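Visitor: First the structure, then my questions, so here it is.
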Amino acid sequence: MAEEPPVPPFNVKDCSLVALATGKRALDLRELRDNIQFISPDSIYYHFWGTKMRPSFEDPDYHNDFATWAHRSLHDKTLAERLSMLDPTGYTTLEDLRRDLLEVIDERLDEIEQPTWVGRDRQFEFIRAQIVVFSTHLVVQHPREFAELMPTLSAGSVFYHFIDARRRNKGGVDDFENWLESWSAAAAAAPAGPPPFEDLRMRIRHIDPFFSSLTDLRAELAAAFRQHVRKSEHAHT
Amino acid sequence: MPILEQYAKVAGVDVIQHLRQLSEPLKGMRLVHINSTREGGGVAEILYKMVPLMRELGIDASWEVITGEPDYYVCTKSFHNGMQGAKVQIPQKLLRVYERTNAEAAEALAQRLHEAQVVLVHDPQPAAMIRNSGNRNALWIWRCHIDVSRPFRPTWAYLRSFVADYDASVFSLPAFAQPLPHPVYIIPPSIDPLHEKNIELAIEEVQSVCDRFEIDVSRPLIVQVSRYDRFKDPLGVVQAYKLAKRFIPSLQLVLAGGGAADDPEGEMVLSEVRAAASDDRDIHVLLLPSDAHRTINAIQRAADIVLQKSLREGFGLTVTEAMWKRKPVVGGDTGGIRIQVINHHTGFLVETPEGAALRIRYLYHHRDLMLEMGEKARRLVRDYFLVTRHLREYLAMILALLHGEEERVVLK
């Protein structure tokens with residue numbers, strides 16, 4: 001077996017989101033649109049991804065706060081469905097997501113005669129979040145360790161490394177895939193066969209967070225690492 | 001047993017580990033909580049546990065209480081009502097008493113405040129202390145526990161003149177947040193799973209409480225625990241019960257609420273409820289003292305379904321309490337009930353007595369679903385609405401504030 005090249009270890013972090021009011025609210029679709037145009041990108045992020053860190057259950061009807069509000073408060077199922085199709089993983093920047101969000105809303109505003117107005121207790125509240133990141137002191141030296149470790153990671157760790165990472169890393173990749181790429185890059189410098197962990201990296205890349213809770217994502221990631229370890233053990237017996 | 005271990009048993013070891021990690025950079029920090037009572041009320045209830053929890057995490061936390069003459073409490077009660085929308089007229093004389101009381105408290109606590117790094121002031125009663133505190137090196141945070149979504153503007157304008165001086169504010173729901181010239185955090189309230197209201201009770205105790213009130217635990221039982229207030233819609237609950245009883249003849253209803261000594265409207269509502277219930281021995285209208293925690297606990301545990309059919313509600317901690325006890329909740333589609341009651345998962349949100357009756361029927365028709373929802377309800381509270389989550393968010397907020405207003409705070 002070729003010696004696996006050294007790569008900096010993976011420092012497992014955890015995080016806590018704290019929500020802040022922006023003071024911006026919307027009573028109808030036009031106000032929603034006008035606020036979305038200028039709101040901080042952090043707020044758009046919160047209303048798409050922050051749902052993962054808030055109380056919810058499997059199979060929510062809609063996958064972001066804008067879609068949910070369109071359905072529950074505006075009773076506009078057409079708009080809710082269109083907004084729900086906006087998948088933030090498909091965007092490299094929040095500005096691109098904002099642009100398409102506005103496009104969907106503008107299209108709907110063109111279609112309707114008069115935006116529905118909701119009562120104050122149903123207004124859309126624009127929130128943004130601060131993320132506090134801290135170390136768990138867990139250090140992973142080799143990807144195989146994640147087979148055992150992944151099921152024990154907190155939801156905050158999964159969020160930080162699998163969701164939040166997409167904002168931090170070039171190409172919008174998560175931290176696990178990013179780390180596995182480092183292994184491939186190191187191996188390329190010392191050629192000895194195919195890039196290590198390529199299958200694992202692809203499998204992780206194809207884990208779709210859109211419909212999954214953080215608990216589900218953790219299970220899928222754990223399964224991916226475990227399968228890789230099993231395959232490696234089988235290849236060496 | 002150390003308090004963190006006690007909470008680890010109910011909230012989970014991972015939750016406590018998270019708190020330990022988050023509080024590491026805050027070890028030794030001097031933090032002072034200030035409110036106006038050590039006994040009674042939700043704020044005291046939470047501080048009673050939160051302060052020892054902070055201390056066990058290594059934070060030098062203390063709890064100070066501001067006290068005053070009777071006029072001070074008359075004034076602050078008016079503030080409370082005004083912030084919730086009542087059109088109160090507060091004489092200047094009372095405002096001067098309020099300000100003087102806060103100034104005196106600030107002087108009495110001068111040393112403590114001088115040494116503090118964080119001062120967390122709860123609700124309007126001590127809000128003006130900041131004006132008289134020489135120590136502005138500390139982080140001053142104003143925590144509002146009240147529903148301020150529709151305040152009487154003159155009351156809020158007066159209080160805002162003090163609150164604006166703070167470094168940050170905290171409200172329980174986004175709808176409660178008011179515009180202020182500093183960061184406004186949203187941190188929902190929580191319940192203490194180790195409080196008498198929420199601890200596990202032996203089945204014998206539950207039975208004994210039910211026997212006392214002639215409630216038959218072998219028959220279907222629905223319960224609403226709330227003070228007798230029109231916004232809680234107790235008459236709507238009675239109506240829902242009567243509609244459901246046509247299909248569930250053995251159904252019983254318990255309405256349990258606190259006394260209304262200083263609330264004439266409450267007395268009137270209670271009379272109306274008694275009148276509506278008078279022809280049905282299966283409706284139990286209970287008037288309980290505010291400290292009847294174990295009794296309320298037992299009644300909630302005896303219920304199959306808990307109602308909170310409010311027309312308007314702040315956060316709705318009675319919903320949280322019921323959910324912690326594994327009860328599906330049929331709740332009014334309002335306020336904080338909306339973020340706790342998730343349709344088909346932890347209960348149902350309804351608009352009308354008819355809607356409530358339908359859901360009650362539905363749940364009794366699907367007993368297995370009732371149990372499943374109860375388990376989900378408990379998990380939701382364990383993950384999001386216990387005092388440990390509340391503490392976690394306070395810690396994260398303090399860390400964020402200590403690092404300026406950066407969107408991302410990375411601790412070394």
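Quick note on naming: the chains in the structure tokens go A, B, ... in the order shown, residues restart at 1 in each chain, and ligands are numbered from 1 in order of appearance.
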Could you name the residues that touch Asp76 of chain A at 10 Å or less, counting only C-alpha atoms, but leaving out those on the same chain fewer than 6 positions away, as a PyMOL selection string?
Guide: chain A and resi 67-70+108+116
Visitor: Using only C-alpha atoms, what table do you get, as CSV, when you list each residue of segment 58-128 of chain A with an atom no more than 12 Å from segment 142-165 of chain A, its nearest pair of atoms, and their distance in Å rounded to one decimal, rows by chain then rising number?
Guide:
```
residue,atom,partner,partner_atom,distance
A:Pro88,CA,A:Ile163,CA,10.1
A:Thr89,CA,A:Ile163,CA,8.8
A:Thr92,CA,A:Ala165,CA,11.7
```
Visitor: How close does chain A get to chain B? List, as a Markdown table, each residue of chain A within 7 Å, its nearest atom pair and the distance in Å to one decimal, counting only C-alpha atoms.
Guide:
```
| residue | atom | partner | partner_atom | distance |
| --- | --- | --- | --- | --- |
| A:Ser16 | CA | B:Ala396 | CA | 6.5 |
| A:Val18 | CA | B:Glu393 | CA | 6.2 |
| A:Ala19 | CA | B:Ile186 | CA | 5.4 |
| A:Leu20 | CA | B:Tyr185 | CA | 4.2 |
| A:Ala21 | CA | B:Val184 | CA | 5.6 |
| A:Gly23 | CA | B:Pro179 | CA | 6.0 |
| A:Pro55 | CA | B:Leu380 | CA | 6.6 |
| A:Glu125 | CA | B:Pro174 | CA | 6.3 |
| A:Gln130 | CA | B:Glu407 | CA | 4.7 |
| A:Ile131 | CA | B:Arg408 | CA | 5.0 |
| A:Val132 | CA | B:Val409 | CA | 4.7 |
| A:Val133 | CA | B:Val410 | CA | 4.7 |
| A:Phe134 | CA | B:Leu411 | CA | 5.1 |
| A:Thr136 | CA | B:Gln21 | CA | 6.8 |
```
Visitor: How would the residues just picked look written out with N, CA, C and O atoms as a PDB file, in the first residue's frame?
Guide:
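The resulting file, result-v1.pdb, is shown below:
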```pdb
ATOM      1  N   SER A  16     -22.780  28.374  17.470  1.00  0.00           N
ATOM      2  CA  SER A  16     -24.076  28.770  17.998  1.00  0.00           C
ATOM      3  C   SER A  16     -24.531  29.983  17.193  1.00  0.00           C
ATOM      4  O   SER A  16     -23.741  30.905  16.983  1.00  0.00           O
ATOM      5  N   VAL A  18     -26.939  33.260  16.961  1.00  0.00           N
ATOM      6  CA  VAL A  18     -27.796  34.138  17.767  1.00  0.00           C
ATOM      7  C   VAL A  18     -28.521  35.068  16.806  1.00  0.00           C
ATOM      8  O   VAL A  18     -27.891  35.688  15.957  1.00  0.00           O
ATOM      9  N   ALA A  19     -29.824  35.140  16.982  1.00  0.00           N
ATOM     10  CA  ALA A  19     -30.630  35.922  16.043  1.00  0.00           C
ATOM     11  C   ALA A  19     -30.739  37.373  16.486  1.00  0.00           C
ATOM     12  O   ALA A  19     -30.839  37.664  17.683  1.00  0.00           O
ATOM     13  N   LEU A  20     -30.724  38.261  15.505  1.00  0.00           N
ATOM     14  CA  LEU A  20     -30.926  39.682  15.780  1.00  0.00           C
ATOM     15  C   LEU A  20     -32.045  40.226  14.908  1.00  0.00           C
ATOM     16  O   LEU A  20     -32.161  39.859  13.735  1.00  0.00           O
ATOM     17  N   ALA A  21     -32.839  41.093  15.483  1.00  0.00           N
ATOM     18  CA  ALA A  21     -33.872  41.766  14.694  1.00  0.00           C
ATOM     19  C   ALA A  21     -33.207  42.820  13.822  1.00  0.00           C
ATOM     20  O   ALA A  21     -32.306  43.520  14.261  1.00  0.00           O
ATOM     21  N   GLY A  23     -35.238  45.039  12.336  1.00  0.00           N
ATOM     22  CA  GLY A  23     -36.198  46.145  12.374  1.00  0.00           C
ATOM     23  C   GLY A  23     -36.995  46.266  11.096  1.00  0.00           C
ATOM     24  O   GLY A  23     -37.901  47.092  10.989  1.00  0.00           O
ATOM     25  N   PRO A  55     -36.397  25.092  15.429  1.00  0.00           N
ATOM     26  CA  PRO A  55     -37.346  23.985  15.600  1.00  0.00           C
ATOM     27  C   PRO A  55     -38.052  23.634  14.294  1.00  0.00           C
ATOM     28  O   PRO A  55     -38.641  24.492  13.654  1.00  0.00           O
ATOM     29  N   GLU A 125     -40.890  39.100   9.544  1.00  0.00           N
ATOM     30  CA  GLU A 125     -39.869  39.784  10.332  1.00  0.00           C
ATOM     31  C   GLU A 125     -38.501  39.397   9.771  1.00  0.00           C
ATOM     32  O   GLU A 125     -38.138  38.227   9.765  1.00  0.00           O
ATOM     33  N   GLN A 130     -25.809  36.231  14.053  1.00  0.00           N
ATOM     34  CA  GLN A 130     -24.361  36.190  14.274  1.00  0.00           C
ATOM     35  C   GLN A 130     -24.010  34.744  14.573  1.00  0.00           C
ATOM     36  O   GLN A 130     -24.779  34.045  15.247  1.00  0.00           O
ATOM     37  N   ILE A 131     -22.896  34.313  14.059  1.00  0.00           N
ATOM     38  CA  ILE A 131     -22.470  32.944  14.326  1.00  0.00           C
ATOM     39  C   ILE A 131     -21.230  32.991  15.219  1.00  0.00           C
ATOM     40  O   ILE A 131     -20.268  33.717  14.940  1.00  0.00           O
ATOM     41  N   VAL A 132     -21.303  32.277  16.323  1.00  0.00           N
ATOM     42  CA  VAL A 132     -20.170  32.201  17.241  1.00  0.00           C
ATOM     43  C   VAL A 132     -19.564  30.809  17.077  1.00  0.00           C
ATOM     44  O   VAL A 132     -20.243  29.798  17.313  1.00  0.00           O
ATOM     45  N   VAL A 133     -18.322  30.790  16.658  1.00  0.00           N
ATOM     46  CA  VAL A 133     -17.655  29.534  16.338  1.00  0.00           C
ATOM     47  C   VAL A 133     -16.624  29.225  17.415  1.00  0.00           C
ATOM     48  O   VAL A 133     -15.835  30.103  17.798  1.00  0.00           O
ATOM     49  N   PHE A 134     -16.626  28.007  17.888  1.00  0.00           N
ATOM     50  CA  PHE A 134     -15.665  27.654  18.916  1.00  0.00           C
ATOM     51  C   PHE A 134     -15.144  26.246  18.696  1.00  0.00           C
ATOM     52  O   PHE A 134     -15.741  25.450  17.978  1.00  0.00           O
ATOM     53  N   THR A 136     -14.071  22.420  19.498  1.00  0.00           N
ATOM     54  CA  THR A 136     -14.501  21.290  20.332  1.00  0.00           C
ATOM     55  C   THR A 136     -13.285  20.579  20.902  1.00  0.00           C
ATOM     56  O   THR A 136     -13.423  19.649  21.684  1.00  0.00           O
TER      57      THR A 136
END
```
Visitor: Got a sec: who's within 12 Å of Ala8 of chain B, counting only C-alpha atoms, leaving out chain neighbours fewer than 4 positions off, as a list in words?
Guide: Met1, Pro2, Ile3, Leu4, Gly12, Val13, Asp14, Val15, Ile16, Gln17, His18, Leu19, Arg20, Leu53, Pro193, Leu194, Arg382, Leu386, Val387 and Thr388 of chain B
Visitor: DSSP on the backbone: which residues in segment 62-103 of chain B end up as strand (DSSP E)? Give the answer as a list of chain:residue names.
Guide: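 Strand (DSSP E) members of segment 62-103 of chain B, listed: B:Ser62, B:Trp63, B:Glu64, B:Val65.
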Visitor: Any chance you could export the current selection's N, CA, C and O atoms as a compact mmCIF listing (two decimals), in the first residue's frame?
Guide:
```
# COMPACT_ATOMS: atom_id res chain seq x y z
N SER B 62 -23.81 36.98 39.60
CA SER B 62 -24.56 37.31 40.81
C SER B 62 -25.93 37.85 40.40
O SER B 62 -26.16 38.18 39.24
N TRP B 63 -26.80 37.94 41.40
CA TRP B 63 -28.20 38.35 41.15
C TRP B 63 -28.58 39.38 42.18
O TRP B 63 -28.59 39.10 43.38
N GLU B 64 -28.88 40.57 41.72
CA GLU B 64 -29.29 41.66 42.61
C GLU B 64 -30.73 42.03 42.33
O GLU B 64 -31.20 41.96 41.19
N VAL B 65 -31.41 42.44 43.39
CA VAL B 65 -32.83 42.78 43.29
C VAL B 65 -33.04 44.22 43.72
O VAL B 65 -32.55 44.64 44.76
```
Visitor: Report as a ChimeraX atom specification: the residues of segment 59-177 of chain A with a DSSP assignment of helix (DSSP H, G or I), based on the backbone of this structure.
Guide: /A:65-72,77-84,88-90,94-111,120-122,143-152,155-168,170-172,175-177
Visitor: Excluding Asp34 of chain A and its own-chain neighbours fewer than 5 positions away, which residues fall within 12 Å of it when counting only C-alpha atoms? Please give them as a list of chain:residue names.
Guide: A:Lys24, A:Arg25, A:Ala26, A:Leu27, A:Asp28, A:Leu29, A:Ile39, A:Arg98, A:Leu101, A:Leu102, A:Ile105, A:Asp106, A:Leu109, A:Phe126
Visitor: Would you export the selected residues with N, CA and C atoms as a short mmCIF file (atom, residue, chain, number, x, y, z; two decimals), in the first residue's frame, please?
Guide:
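That gives us result-v4.cif:
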```
data_model
loop_
_atom_site.label_atom_id
_atom_site.label_comp_id
_atom_site.auth_asym_id
_atom_site.auth_seq_id
_atom_site.Cartn_x
_atom_site.Cartn_y
_atom_site.Cartn_z
N LYS A 24 -36.68 45.43 10.12
CA LYS A 24 -37.42 45.48 8.85
C LYS A 24 -38.54 44.44 8.88
N ARG A 25 -39.70 44.87 8.41
CA ARG A 25 -40.88 43.99 8.41
C ARG A 25 -41.64 44.16 7.12
N ALA A 26 -42.44 43.18 6.79
CA ALA A 26 -43.24 43.29 5.56
C ALA A 26 -44.66 42.84 5.83
N LEU A 27 -45.60 43.65 5.39
CA LEU A 27 -47.02 43.31 5.54
C LEU A 27 -47.62 42.79 4.24
N ASP A 28 -46.93 42.99 3.14
CA ASP A 28 -47.41 42.44 1.88
C ASP A 28 -46.22 42.09 0.99
N LEU A 29 -46.55 41.56 -0.18
CA LEU A 29 -45.49 41.06 -1.04
C LEU A 29 -44.58 42.18 -1.54
N ILE A 39 -31.82 44.40 2.05
CA ILE A 39 -31.48 43.81 3.35
C ILE A 39 -30.08 43.24 3.32
N ARG A 98 -30.14 36.44 -3.98
CA ARG A 98 -31.02 37.60 -3.82
C ARG A 98 -31.64 37.99 -5.17
N LEU A 101 -34.28 35.52 -6.10
CA LEU A 101 -35.39 35.69 -5.16
C LEU A 101 -36.26 36.87 -5.60
N LEU A 102 -35.62 37.95 -5.94
CA LEU A 102 -36.35 39.14 -6.41
C LEU A 102 -37.07 38.84 -7.73
N ILE A 105 -40.26 36.96 -7.08
CA ILE A 105 -41.29 37.83 -6.48
C ILE A 105 -41.81 38.83 -7.51
N ASP A 106 -40.91 39.38 -8.32
CA ASP A 106 -41.35 40.34 -9.34
C ASP A 106 -42.29 39.69 -10.34
N LEU A 109 -45.59 39.48 -8.67
CA LEU A 109 -46.22 40.80 -8.57
C LEU A 109 -46.83 41.21 -9.91
N PHE A 126 -37.77 40.38 9.31
CA PHE A 126 -36.44 40.09 8.78
C PHE A 126 -35.44 39.96 9.94
#
```
Visitor: With only C-alpha atoms as the counted atoms, please give the residues lying no more than 8 Å from Gly82 of chain B, apart from itself and same-chain residues fewer than 4 positions off, as a list in words.
Guide: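 Near neighbours after the sequence-gap exclusion: Ser78, Ala86, Lys87, Val88, Pro151, Phe152, Thr155 and Trp156 of chain B.
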Visitor: Those residues you just picked out, can you put them in a file as a compact mmCIF listing (two decimals), in the first residue's frame with C-alpha atoms?
Guide:
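File written: selection_21.txt
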```txt
# COMPACT_ATOMS: atom_id res chain seq x y z
CA SER B 78 -48.31 50.74 35.00
CA ALA B 86 -52.97 49.57 27.94
CA LYS B 87 -53.45 53.34 27.72
CA VAL B 88 -52.05 54.18 31.12
CA PRO B 151 -47.00 49.24 23.38
CA PHE B 152 -48.80 52.37 24.49
CA THR B 155 -45.01 54.56 28.05
CA TRP B 156 -42.52 53.08 25.65
```
